[in-house]
$ cat final16.cif   # mmCIF, C-alpha atoms
data_start
loop_
_atom_site.label_atom_id
_atom_site.label_comp_id
_atom_site.auth_asym_id
_atom_site.auth_seq_id
_atom_site.Cartn_x
_atom_site.Cartn_y
_atom_site.Cartn_z
CA MET A 1 2.20 12.66 -13.70
CA ASP A 2 -1.38 12.75 -12.46
CA LEU A 3 -1.60 9.69 -10.20
CA LYS A 4 -5.32 9.68 -9.54
CA SER A 5 -8.67 10.60 -11.04
CA GLY A 6 -12.01 11.66 -9.61
CA TYR A 7 -12.62 12.25 -5.91
CA PRO A 8 -10.64 9.96 -3.59
CA PHE A 9 -12.53 9.62 -0.32
CA TRP A 10 -9.57 10.47 1.92
CA THR A 11 -8.90 13.85 0.31
CA VAL A 12 -12.60 14.75 0.29
CA LYS A 13 -12.93 13.72 3.93
CA ASN A 14 -9.71 15.28 5.23
CA GLY A 15 -8.75 18.12 2.88
CA LEU A 16 -5.23 19.53 3.18
CA LEU A 17 -4.43 18.72 6.79
CA ALA A 18 -1.24 20.68 7.36
CA PRO A 19 1.00 22.99 5.35
CA PHE A 20 4.67 22.20 4.81
CA PRO A 21 7.15 24.70 3.38
CA GLN A 22 8.88 24.57 0.01
CA LEU A 23 12.67 24.11 0.11
CA THR A 24 14.46 26.97 -1.64
CA GLN A 25 17.94 26.89 -0.10
CA ASP A 26 20.86 24.47 0.24
CA LEU A 27 20.71 21.91 3.04
CA ASN A 28 22.86 19.18 4.65
CA VAL A 29 21.12 16.15 6.23
CA ASP A 30 21.81 12.50 7.00
CA THR A 31 19.15 11.13 4.63
CA VAL A 32 16.98 12.61 1.90
CA ILE A 33 13.66 10.86 1.29
CA ILE A 34 12.08 11.59 -2.08
CA GLY A 35 8.31 11.13 -1.76
CA GLY A 36 5.88 12.36 0.89
CA GLY A 37 3.22 9.68 0.70
CA ILE A 38 2.57 6.91 3.21
CA THR A 39 5.73 5.00 2.17
CA GLY A 40 8.02 8.00 2.59
CA ALA A 41 6.26 8.95 5.81
CA LEU A 42 6.77 5.51 7.38
CA ILE A 43 10.45 5.52 6.41
CA ALA A 44 10.96 9.06 7.70
CA ASP A 45 9.27 8.14 10.97
CA GLU A 46 11.41 5.03 11.45
CA LEU A 47 14.66 6.88 10.75
CA SER A 48 13.87 10.05 12.71
CA ARG A 49 12.72 8.23 15.83
CA HIS A 50 16.10 6.43 15.84
CA GLY A 51 18.22 9.56 15.67
CA HIS A 52 18.63 10.15 11.93
CA GLN A 53 18.21 13.67 10.56
CA VAL A 54 16.03 13.40 7.45
CA ALA A 55 14.57 15.72 4.85
CA VAL A 56 11.42 14.56 3.07
CA LEU A 57 10.84 16.08 -0.38
CA GLU A 58 7.40 15.87 -2.02
CA ARG A 59 6.81 17.49 -5.39
CA ARG A 60 3.04 17.81 -4.81
CA ASP A 61 1.29 18.45 -1.53
CA VAL A 62 2.07 15.76 1.03
CA GLY A 63 -0.04 12.63 0.58
CA TRP A 64 -1.58 13.92 -2.63
CA GLY A 65 -0.20 11.22 -4.96
CA SER A 66 -1.03 7.52 -4.91
CA SER A 67 -1.56 7.53 -1.13
CA ALA A 68 -4.71 9.59 -1.59
CA ALA A 69 -6.06 6.88 -3.90
CA SER A 70 -5.06 3.94 -1.68
CA THR A 71 -7.89 1.81 -0.34
CA ALA A 72 -5.74 0.73 2.64
CA LEU A 73 -6.66 -2.91 2.99
CA LEU A 74 -3.94 -3.96 5.43
CA GLN A 75 -3.26 -7.66 4.92
CA TYR A 76 -0.43 -10.09 5.44
CA GLU A 77 -1.86 -12.02 2.49
CA ILE A 78 0.25 -11.29 -0.58
CA ASP A 79 -1.38 -11.22 -4.01
CA THR A 80 0.86 -14.18 -4.86
CA HIS A 81 -0.09 -17.29 -2.87
CA MET A 82 2.42 -18.59 -0.35
CA VAL A 83 2.36 -21.87 -2.28
CA HIS A 84 3.48 -20.12 -5.46
CA LEU A 85 6.16 -18.06 -3.69
CA ALA A 86 7.53 -21.29 -2.24
CA GLU A 87 7.76 -22.77 -5.73
CA GLN A 88 9.67 -19.71 -6.94
CA TYR A 89 11.90 -18.82 -3.97
CA GLY A 90 11.69 -21.77 -1.59
CA GLU A 91 9.51 -22.46 1.39
CA VAL A 92 11.66 -20.57 3.90
CA ASN A 93 11.51 -17.33 1.89
CA ALA A 94 7.78 -17.65 1.17
CA VAL A 95 6.92 -18.10 4.85
CA MET A 96 9.30 -15.30 5.85
CA ALA A 97 7.57 -12.90 3.44
CA TYR A 98 4.13 -13.74 4.82
CA ARG A 99 5.30 -13.54 8.42
CA GLY A 100 6.97 -10.21 7.70
CA CYS A 101 3.66 -8.83 6.46
CA ALA A 102 1.84 -10.22 9.51
CA GLU A 103 4.35 -8.53 11.83
CA ALA A 104 3.97 -5.32 9.84
CA ILE A 105 0.24 -5.16 10.63
CA VAL A 106 1.04 -5.38 14.34
CA SER A 107 3.68 -2.65 13.93
CA LEU A 108 1.17 -0.46 12.08
CA GLU A 109 -1.34 -1.01 14.86
CA ARG A 110 1.16 0.21 17.45
CA LEU A 111 1.97 3.25 15.32
CA ALA A 112 -1.71 4.04 14.80
CA ALA A 113 -2.36 3.85 18.56
CA GLU A 114 0.49 6.30 19.12
CA LEU A 115 -0.73 8.69 16.41
CA GLY A 116 -4.44 8.50 17.17
CA ASN A 117 -7.29 9.48 14.85
CA VAL A 118 -6.16 7.56 11.75
CA ALA A 119 -9.25 5.32 11.50
CA PHE A 120 -7.24 2.18 12.25
CA SER A 121 -9.07 -0.94 13.35
CA ARG A 122 -8.41 -4.67 13.32
CA GLN A 123 -10.43 -6.66 10.79
CA GLU A 124 -10.72 -10.21 9.54
CA SER A 125 -10.03 -11.13 5.91
CA LEU A 126 -12.27 -13.34 3.80
CA TYR A 127 -10.58 -14.62 0.64
CA PHE A 128 -13.22 -16.41 -1.40
CA ALA A 129 -13.08 -18.69 -4.43
CA SER A 130 -14.57 -16.87 -7.41
CA GLN A 131 -15.49 -20.20 -9.01
CA GLU A 132 -15.48 -23.89 -8.17
CA ALA A 133 -12.26 -24.39 -10.13
CA ASP A 134 -10.41 -22.13 -7.65
CA VAL A 135 -11.29 -24.19 -4.56
CA ALA A 136 -8.36 -26.61 -4.90
CA ALA A 137 -5.79 -23.79 -5.04
CA LEU A 138 -7.30 -22.04 -2.01
CA SER A 139 -7.43 -25.33 -0.13
CA ALA A 140 -3.73 -25.94 -0.81
CA GLU A 141 -2.97 -22.40 0.33
CA LEU A 142 -4.94 -22.93 3.54
CA THR A 143 -3.04 -26.15 4.27
CA MET A 144 0.35 -24.46 3.89
CA ARG A 145 -0.59 -21.47 6.00
CA LYS A 146 -1.92 -23.72 8.76
CA ARG A 147 1.28 -25.77 8.68
CA PHE A 148 3.28 -22.65 9.49
CA GLY A 149 1.03 -21.40 12.25
CA PHE A 150 -1.17 -18.80 10.55
CA ASP A 151 -4.61 -18.40 12.13
CA VAL A 152 -6.85 -19.40 9.22
CA ALA A 153 -10.01 -21.46 8.77
CA TRP A 154 -11.91 -22.89 5.83
CA LEU A 155 -15.49 -21.77 5.29
CA ASP A 156 -17.77 -23.84 3.08
CA LYS A 157 -20.54 -22.52 0.86
CA ARG A 158 -23.24 -22.94 3.51
CA THR A 159 -21.26 -21.05 6.16
CA ILE A 160 -20.43 -18.20 3.77
CA GLU A 161 -24.09 -17.80 2.90
CA ALA A 162 -25.20 -17.94 6.54
CA ASP A 163 -22.52 -15.64 7.96
CA TYR A 164 -21.74 -13.25 5.11
CA GLY A 165 -24.87 -13.25 3.00
CA PHE A 166 -23.41 -14.17 -0.40
CA SER A 167 -22.67 -17.33 -2.32
CA ALA A 168 -19.17 -18.69 -3.00
CA PRO A 169 -17.91 -22.29 -3.20
CA GLY A 170 -15.41 -21.79 -0.38
CA ALA A 171 -13.18 -19.25 1.36
CA ILE A 172 -10.19 -18.75 3.64
CA LEU A 173 -10.97 -16.72 6.74
CA SER A 174 -7.89 -15.05 8.25
CA SER A 175 -8.01 -13.50 11.70
CA LEU A 176 -5.32 -10.88 11.05
CA ALA A 177 -6.11 -7.85 8.89
CA ALA A 178 -6.82 -4.17 9.42
CA ARG A 179 -7.99 -0.93 7.82
CA ALA A 180 -6.77 2.66 8.13
CA ASP A 181 -6.94 6.14 6.64
CA PRO A 182 -3.56 6.25 4.82
CA TYR A 183 -3.74 9.93 3.95
CA ARG A 184 -4.28 11.08 7.53
CA MET A 185 -1.71 8.59 8.78
CA ALA A 186 0.94 9.98 6.41
CA TYR A 187 0.28 13.53 7.61
CA HIS A 188 0.46 12.63 11.29
CA LEU A 189 3.66 10.65 10.79
CA LEU A 190 5.30 13.58 9.01
CA GLU A 191 4.15 16.05 11.65
CA ASN A 192 5.95 13.86 14.22
CA VAL A 193 9.04 13.79 12.01
CA VAL A 194 9.12 17.61 12.14
CA ARG A 195 8.62 17.60 15.92
CA ARG A 196 11.74 15.44 16.24
CA GLY A 197 13.79 18.07 14.46
CA SER A 198 13.82 16.70 10.92
CA GLN A 199 12.28 18.52 7.98
CA VAL A 200 9.45 17.98 5.49
CA PHE A 201 9.02 20.00 2.31
CA ASP A 202 6.29 19.86 -0.28
CA ARG A 203 6.07 21.45 -3.75
CA THR A 204 9.78 20.61 -3.98
CA GLN A 205 10.88 18.92 -7.21
CA VAL A 206 14.09 16.86 -7.46
CA GLU A 207 15.92 17.37 -10.75
CA GLN A 208 19.15 15.37 -10.38
CA LEU A 209 20.91 12.86 -8.12
CA THR A 210 24.71 12.56 -8.12
CA PRO A 211 26.18 9.87 -5.85
CA ASP A 212 29.90 9.88 -5.03
CA GLY A 213 32.23 8.31 -2.50
CA GLU A 214 31.28 10.81 0.22
CA GLY A 215 27.49 10.89 -0.20
CA VAL A 216 24.83 12.10 -2.62
CA SER A 217 24.11 15.54 -4.05
CA VAL A 218 20.41 16.19 -4.67
CA VAL A 219 19.75 19.13 -6.99
CA LEU A 220 16.27 20.64 -7.01
CA ARG A 221 14.51 22.15 -10.00
CA ASN A 222 14.77 25.58 -8.36
CA GLY A 223 18.58 25.23 -8.14
CA ALA A 224 18.92 24.49 -4.41
CA THR A 225 21.18 21.54 -3.52
CA LEU A 226 20.97 19.05 -0.67
CA ARG A 227 23.97 17.07 0.50
CA SER A 228 23.29 13.78 2.29
CA GLN A 229 24.89 10.50 3.23
CA GLN A 230 21.96 8.47 1.89
CA VAL A 231 18.94 8.95 -0.36
CA VAL A 232 15.72 6.93 -0.31
CA ILE A 233 13.50 7.13 -3.39
CA ALA A 234 9.94 6.49 -2.20
CA ALA A 235 8.02 8.07 -5.07
CA GLY A 236 5.60 5.24 -5.84
CA TYR A 237 5.55 4.01 -9.40
CA GLU A 238 7.36 7.18 -10.48
CA SER A 239 10.46 5.78 -8.75
CA GLN A 240 11.06 3.67 -11.83
CA THR A 241 12.08 6.76 -13.80
CA TRP A 242 15.40 6.61 -11.90
CA LEU A 243 16.14 3.10 -13.21
CA PRO A 244 17.54 2.18 -16.61
CA GLU A 245 14.55 -0.12 -17.22
CA PRO A 246 11.27 -0.74 -15.39
CA VAL A 247 10.97 -3.54 -12.82
CA ALA A 248 7.17 -3.43 -12.58
CA ALA A 249 4.16 -2.83 -14.81
CA ASN A 250 2.01 0.26 -14.33
CA ARG A 251 -1.66 -0.45 -13.82
CA SER A 252 -4.76 1.45 -12.73
CA SER A 253 -7.28 0.39 -10.14
CA TYR A 254 -10.70 1.91 -9.50
CA ALA A 255 -12.70 2.40 -6.34
CA PHE A 256 -15.64 4.15 -4.74
CA VAL A 257 -17.32 4.55 -1.38
CA THR A 258 -21.04 4.18 -0.79
CA ASP A 259 -23.41 6.21 1.32
CA PRO A 260 -23.36 5.11 4.97
CA LEU A 261 -25.18 1.82 5.46
CA PRO A 262 -27.10 0.72 8.60
CA ARG A 263 -25.07 -1.58 10.85
CA GLU A 264 -27.65 -4.35 10.59
CA VAL A 265 -27.44 -4.20 6.80
CA MET A 266 -23.65 -4.24 6.84
CA GLY A 267 -23.49 -7.30 9.10
CA LYS A 268 -20.09 -8.98 9.21
CA LEU A 269 -18.90 -6.83 6.34
CA GLY A 270 -18.47 -4.13 8.98
CA HIS A 271 -15.36 -5.90 10.32
CA THR A 272 -14.23 -8.08 7.41
CA LEU A 273 -12.13 -7.32 4.34
CA VAL A 274 -13.49 -9.35 1.43
CA TRP A 275 -11.59 -10.22 -1.74
CA GLU A 276 -11.69 -12.94 -4.37
CA SER A 277 -9.42 -15.39 -6.17
CA ALA A 278 -10.10 -14.02 -9.68
CA ARG A 279 -7.41 -11.73 -11.13
CA PRO A 280 -7.92 -8.80 -11.20
CA TYR A 281 -10.01 -9.18 -8.08
CA LEU A 282 -13.01 -7.44 -6.58
CA TYR A 283 -12.46 -6.29 -3.01
CA LEU A 284 -14.37 -4.38 -0.38
CA ARG A 285 -14.15 -3.22 3.19
CA SER A 286 -16.00 -0.86 5.50
CA THR A 287 -14.93 2.60 6.61
CA GLN A 288 -15.07 4.13 10.07
CA GLU A 289 -18.22 6.03 9.01
CA GLY A 290 -20.13 2.85 8.09
CA ARG A 291 -19.65 3.12 4.34
CA LEU A 292 -18.45 0.36 2.04
CA LEU A 293 -15.26 0.99 0.10
CA ILE A 294 -15.34 -1.13 -3.05
CA GLY A 295 -12.52 -1.53 -5.55
CA GLY A 296 -11.04 -3.50 -8.42
CA GLU A 297 -11.53 -3.56 -12.19
CA ASP A 298 -7.77 -3.09 -12.63
CA ASP A 299 -6.50 -2.42 -16.14
CA ASP A 300 -3.24 -1.56 -17.91
CA GLU A 301 -4.11 2.12 -18.39
CA ASP A 302 -1.77 4.69 -16.88
CA ILE A 303 -2.51 7.71 -19.06
CA ALA A 304 -4.40 10.09 -16.79
CA GLU A 305 -6.92 11.37 -19.34
CA ARG A 306 -7.96 7.87 -20.39
CA ARG A 307 -8.14 6.71 -16.79
CA ASP A 308 -10.30 9.74 -15.95
CA ALA A 309 -12.77 8.81 -18.65
CA ARG A 310 -13.19 5.30 -17.23
CA VAL A 311 -13.86 6.11 -13.59
CA MET A 312 -17.68 6.25 -13.67
CA GLU A 313 -18.02 3.24 -15.97
CA LYS A 314 -15.70 1.23 -13.71
CA ALA A 315 -17.68 2.31 -10.64
CA ARG A 316 -20.93 1.12 -12.21
CA THR A 317 -19.34 -2.22 -13.09
CA LEU A 318 -18.03 -2.66 -9.54
CA ALA A 319 -21.41 -1.74 -8.07
CA ALA A 320 -23.14 -4.29 -10.32
CA LYS A 321 -20.72 -7.02 -9.21
CA VAL A 322 -21.37 -6.30 -5.55
CA GLU A 323 -25.14 -6.18 -6.05
CA ALA A 324 -24.95 -9.53 -7.87
CA LEU A 325 -23.29 -11.03 -4.78
CA TRP A 326 -25.50 -9.18 -2.27
CA PRO A 327 -28.84 -8.44 -4.00
CA ASP A 328 -30.24 -6.84 -0.83
CA LEU A 329 -27.49 -4.21 -0.69
CA GLU A 330 -28.31 -0.91 -2.34
CA ILE A 331 -24.97 0.28 -3.70
CA ASN A 332 -24.71 3.98 -4.49
CA PRO A 333 -21.23 5.15 -5.59
CA THR A 334 -20.86 8.44 -3.72
CA PHE A 335 -17.18 9.28 -4.29
CA CYS A 336 -15.43 7.51 -7.18
CA TRP A 337 -11.80 7.52 -8.23
CA GLY A 338 -9.04 5.71 -10.06
CA GLY A 339 -5.35 5.54 -9.26
CA THR A 340 -2.20 4.26 -10.92
CA PHE A 341 0.01 1.77 -9.15
CA ALA A 342 2.82 -0.61 -10.10
CA GLU A 343 2.80 -4.39 -9.93
CA THR A 344 5.78 -6.77 -9.97
CA ASP A 345 5.66 -10.18 -11.63
CA ASP A 346 6.03 -12.03 -8.32
CA GLY A 347 3.96 -9.67 -6.17
CA LEU A 348 6.96 -8.74 -3.99
CA PRO A 349 8.42 -5.26 -3.38
CA TYR A 350 11.91 -3.91 -3.96
CA PHE A 351 13.83 -2.25 -1.12
CA GLY A 352 17.46 -1.23 -1.22
CA PRO A 353 20.14 -0.02 -3.63
CA HIS A 354 20.29 -0.65 -7.37
CA GLU A 355 23.55 -0.91 -9.28
CA ALA A 356 22.49 2.00 -11.52
CA LEU A 357 22.90 4.54 -8.68
CA GLY A 358 25.21 2.75 -6.27
CA PRO A 359 25.03 1.78 -2.59
CA ARG A 360 23.98 5.16 -1.16
CA VAL A 361 20.72 5.48 -3.11
CA HIS A 362 17.98 3.16 -1.87
CA PHE A 363 14.67 2.43 -3.53
CA ALA A 364 11.43 1.88 -1.62
CA MET A 365 9.15 0.21 -4.15
CA ALA A 366 6.21 -1.09 -2.11
CA TYR A 367 4.42 -2.35 -5.18
CA GLY A 368 1.31 -4.52 -5.40
CA GLY A 369 -1.77 -4.92 -3.24
CA ASN A 370 0.22 -4.92 0.03
CA GLY A 371 1.71 -1.46 -0.39
CA ILE A 372 1.28 -0.19 3.16
CA THR A 373 2.32 -3.41 4.92
CA TYR A 374 5.29 -3.63 2.56
CA SER A 375 6.14 -0.01 3.41
CA MET A 376 6.20 -0.83 7.11
CA ILE A 377 8.63 -3.69 6.44
CA GLY A 378 10.63 -1.45 4.13
CA ALA A 379 11.02 1.25 6.77
CA GLN A 380 12.67 -1.22 9.12
CA LEU A 381 14.67 -2.90 6.35
CA LEU A 382 16.06 0.38 5.00
CA ARG A 383 17.02 1.59 8.46
CA ALA A 384 18.96 -1.64 8.92
CA LEU A 385 20.77 -1.12 5.60
CA ILE A 386 21.57 2.53 6.37
CA GLU A 387 22.90 1.55 9.80
CA GLY A 388 25.00 -1.27 8.33
CA ARG A 389 22.94 -4.09 9.80
CA ASP A 390 21.37 -7.10 8.10
CA HIS A 391 17.64 -7.74 7.78
CA PRO A 392 16.07 -11.18 7.18
CA LEU A 393 14.15 -9.98 4.10
CA ARG A 394 17.04 -8.03 2.59
CA ALA A 395 17.88 -10.58 -0.11
CA LEU A 396 14.30 -11.54 -1.00
CA PHE A 397 13.20 -7.93 -1.39
CA SER A 398 16.33 -6.82 -3.25
CA PHE A 399 16.89 -6.23 -6.96
CA GLN A 400 19.15 -9.30 -6.97
CA ARG A 401 16.52 -11.84 -5.93
#
$ encode --input "final16.cif" --output "structure tokens"
Amino acid sequence: MDLKSGYPFWTVKNGLLAPFPQLTQDLNVDTVIIGGGITGALIADELSRHGHQVAVLERRDVGWGSSAASTALLQYEIDTHMVHLAEQYGEVNAVMAYRGCAEAIVSLERLAAELGNVAFSRQESLYFASQEADVAALSAELTMRKRFGFDVAWLDKRTIEADYGFSAPGAILSSLAARADPYRMAYHLLENVVRRGSQVFDRTQVEQLTPDGEGVSVVLRNGATLRSQQVVIAAGYESQTWLPEPVAANRSSYAFVTDPLPREVMGKLGHTLVWESARPYLYLRSTQEGRLLIGGEDDDEDIAERRDARVMEKARTLAAKVEALWPDLEINPTFCWGGTFAETDDGLPYFGPHEALGPRVHFAMAYGGNGITYSMIGAQLLRALIEGRDHPLRALFSFQR
């Protein structure tokens, strides 16, 4: 499957950062990780730094799937409000999910500092009401987050106009958010995995998985076979092909970056992620180079050719929306792209085994708008499962929830 269209900024900016070999011979390892994007990289890093021998298998070049199309808004704020998660799964679980994402941002910050040169920086997050009718829901969300200790504040229309230069009836300002270059981060993580003695292979296609009582046999398209104790499937929305029926809907999102903008023109947008209450939502954030990265206009298309044909039209629509909010901004879509992702009904991910493949095959489905923060949680959760330990989010993020 072609997971992206157009010219994702990260691949244009970075190119192919490092070569990895193709696997052509049999191999025995502790854990096979299928997928060499940011999710697989975070899991491989977590396991390898704690003594596990892993082999990462990527059928394209590393990072060249959905990770290249990610816009990397790192938020603890889940697409589903905490209020709504509490209604569905109880207050304890809802708060635990949000706190897990908040802790994941701090973990990602530590990792980024260790890696260096991954364009990571702390940001704030401004979640604004798209219309007056959305104010009550955002106000209720603010109240619940405050009750459980999240650092949030309410901004009224006057403050939004004065501080951020656009008009909205109200907004939640969160102090904890971040941005990063996910493509470069995946590469650097996998380079460290190799330095620890584990292995990373690209252009390596998995054909068949056969679990048994002793482990899992992984047969490649070229005939080579890997034998491992555990397998983690971290292949983005393509992971669903290993399940008897899908657990998430495939969607496409569209994005572009602008030319660099002067710092005085950017204002507080230079250190604030902005997104709205409408669904699908418009979102934007700055890049390290002083550009704006703008995205949204999600649709149900996941056929590559049709998605390709929509990229420029979607970019023009996004640019018009931003210019309607900020008439003084001159928005020029410089690099435009679309990417396919998966979205669950409740906005939560799936991590762990599925009955279809048994207890030794784990899925890492970091679906939804919080893909990278979910992946950080998933790396720690899956290591706990592989090591026979419990994790507080195991049940909530499982297929049995």
$ residues_around --input "final16.cif" --residues "A:Tyr164" --least-positions-apart "4" --cutoff "8 Å" --atoms "only C-alpha atoms" --output "PyMOL selection string"
chain A and resi 159-160+267-269
$ closest_residue --input "final16.cif" --among "A:Leu393, A:Tyr254, A:Asp328, A:Leu173" --to "A:Lys146" --atoms "all atoms listed in the file"
A:Leu173
$ residues_around --input "final16.cif" --residues "stretch 288-296 of chain A" --least-positions-apart "4" --cutoff "6 Å" --atoms "all atoms listed in the file" --output "ChimeraX atom specification"
/A:253-261,281-284
$ closest_residue --input "final16.cif" --among "A:Asn222, A:Ser167, A:Gln53, A:Ser70" --to "A:Ile33" --atoms "all atoms listed in the file"
A:Gln53
$ closest_atom_pairs --input "final16.cif" --of "stretch 377-400 of chain A" --to "stretch 78-89 of chain A" --cutoff "12 Å" --atoms "all atoms listed in the file" --output "CSV"
residue,atom,partner,partner_atom,distance
A:Ala395,CA,A:Tyr89,CA,10.9
A:Leu396,CA,A:Tyr89,CA,8.2
A:Phe397,CA,A:Tyr89,CA,11.3
$ resolve_selection --input "final16.cif" --expression "the PyMOL selection byres ((chain A and resi 399) around 7)" --output "number ranges by chain"
A: 350, 354, 397-398, 400-401
$ resolve_selection --input "final16.cif" --expression "the PyMOL selection byres ((chain A and resi 217-221) around 9)" --output "list in words"
Leu23, Thr24, Val32, Thr204, Gln205, Val206, Glu207, Gln208, Leu209, Thr210, Pro211, Asp212, Gly215, Val216, Asn222, Gly223, Ala224, Thr225, Leu226, Arg227, Ser228, Gln229 and Val231 of chain A
$ atom_distance --input "final16.cif" --atom1 "atom CA of A:Gly149" --atom2 "atom CA of A:Glu103"
13.3 Å
$ closest_residue --input "final16.cif" --among "A:Tyr237, A:Phe166, A:Leu273, A:Lys314" --to "A:Asp302" --atoms "only C-alpha atoms"
A:Tyr237
$ closest_residue --input "final16.cif" --among "A:Phe201, A:Tyr76, A:Phe363, A:Tyr187" --to "A:Glu238" --atoms "all atoms listed in the file"
A:Phe363
$ closest_residue --input "final16.cif" --among "A:Ala234, A:Leu318, A:Ile303, A:Val361" --to "A:Pro280" --atoms "only C-alpha atoms"
A:Leu318
$ atom_distance --input "final16.cif" --atom1 "atom CA of A:Asn370" --atom2 "atom CA of A:Val106"
14.3 Å
$ atom_distance --input "final16.cif" --atom1 "atom CA of A:Trp10" --atom2 "atom CA of A:Ala68"
6.1 Å
$ closest_residue --input "final16.cif" --among "A:Gly170, A:Gly339, A:Pro246, A:Gly213" --to "A:Gly358" --atoms "only C-alpha atoms"
A:Gly213
$ decode --input "final16.cif" --residues "stretch 146-161 of chain A" --atoms "N, CA, C and O atoms" --output "compact mmCIF listing (two decimals), in the first residue's frame"
# COMPACT_ATOMS: atom_id res chain seq x y z
N LYS A 146 -9.13 20.20 35.33
CA LYS A 146 -8.65 20.94 36.49
C LYS A 146 -8.83 20.12 37.77
O LYS A 146 -7.96 20.11 38.65
N ARG A 147 -9.94 19.43 37.88
CA ARG A 147 -10.24 18.64 39.08
C ARG A 147 -9.19 17.56 39.29
O ARG A 147 -8.92 17.18 40.44
N PHE A 148 -8.59 17.08 38.23
CA PHE A 148 -7.59 16.02 38.36
C PHE A 148 -6.17 16.53 38.17
O PHE A 148 -5.24 15.76 37.89
N GLY A 149 -5.98 17.84 38.30
CA GLY A 149 -4.64 18.39 38.41
C GLY A 149 -3.93 18.74 37.12
O GLY A 149 -2.73 19.04 37.14
N PHE A 150 -4.63 18.75 35.99
CA PHE A 150 -3.99 19.15 34.74
C PHE A 150 -3.87 20.67 34.68
O PHE A 150 -4.77 21.39 35.11
N ASP A 151 -2.74 21.13 34.16
CA ASP A 151 -2.45 22.56 34.11
C ASP A 151 -3.13 23.17 32.88
O ASP A 151 -2.57 23.19 31.78
N VAL A 152 -4.36 23.64 33.08
CA VAL A 152 -5.15 24.20 31.99
C VAL A 152 -5.79 25.51 32.45
O VAL A 152 -5.98 25.74 33.64
N ALA A 153 -6.12 26.35 31.48
CA ALA A 153 -6.78 27.63 31.77
C ALA A 153 -7.79 27.92 30.67
O ALA A 153 -7.63 27.47 29.53
N TRP A 154 -8.81 28.67 31.03
CA TRP A 154 -9.82 29.07 30.06
C TRP A 154 -9.48 30.44 29.50
O TRP A 154 -9.17 31.38 30.26
N LEU A 155 -9.50 30.57 28.18
CA LEU A 155 -9.30 31.86 27.53
C LEU A 155 -10.61 32.29 26.89
O LEU A 155 -11.24 31.51 26.16
N ASP A 156 -11.03 33.53 27.17
CA ASP A 156 -12.24 34.04 26.55
C ASP A 156 -11.94 34.66 25.19
O ASP A 156 -10.77 34.74 24.77
N LYS A 157 -12.97 35.08 24.51
CA LYS A 157 -12.83 35.59 23.14
C LYS A 157 -11.85 36.77 23.08
O LYS A 157 -11.00 36.83 22.19
N ARG A 158 -11.97 37.67 24.04
CA ARG A 158 -11.10 38.87 24.03
C ARG A 158 -9.63 38.48 24.18
O ARG A 158 -8.76 39.01 23.49
N THR A 159 -9.34 37.55 25.08
CA THR A 159 -7.96 37.12 25.30
C THR A 159 -7.39 36.41 24.08
O THR A 159 -6.23 36.60 23.70
N ILE A 160 -8.21 35.56 23.45
CA ILE A 160 -7.76 34.86 22.24
C ILE A 160 -7.39 35.86 21.16
O ILE A 160 -6.35 35.75 20.51
N GLU A 161 -8.24 36.85 20.97
CA GLU A 161 -7.97 37.87 19.95
C GLU A 161 -6.71 38.65 20.27
O GLU A 161 -5.87 38.91 19.38
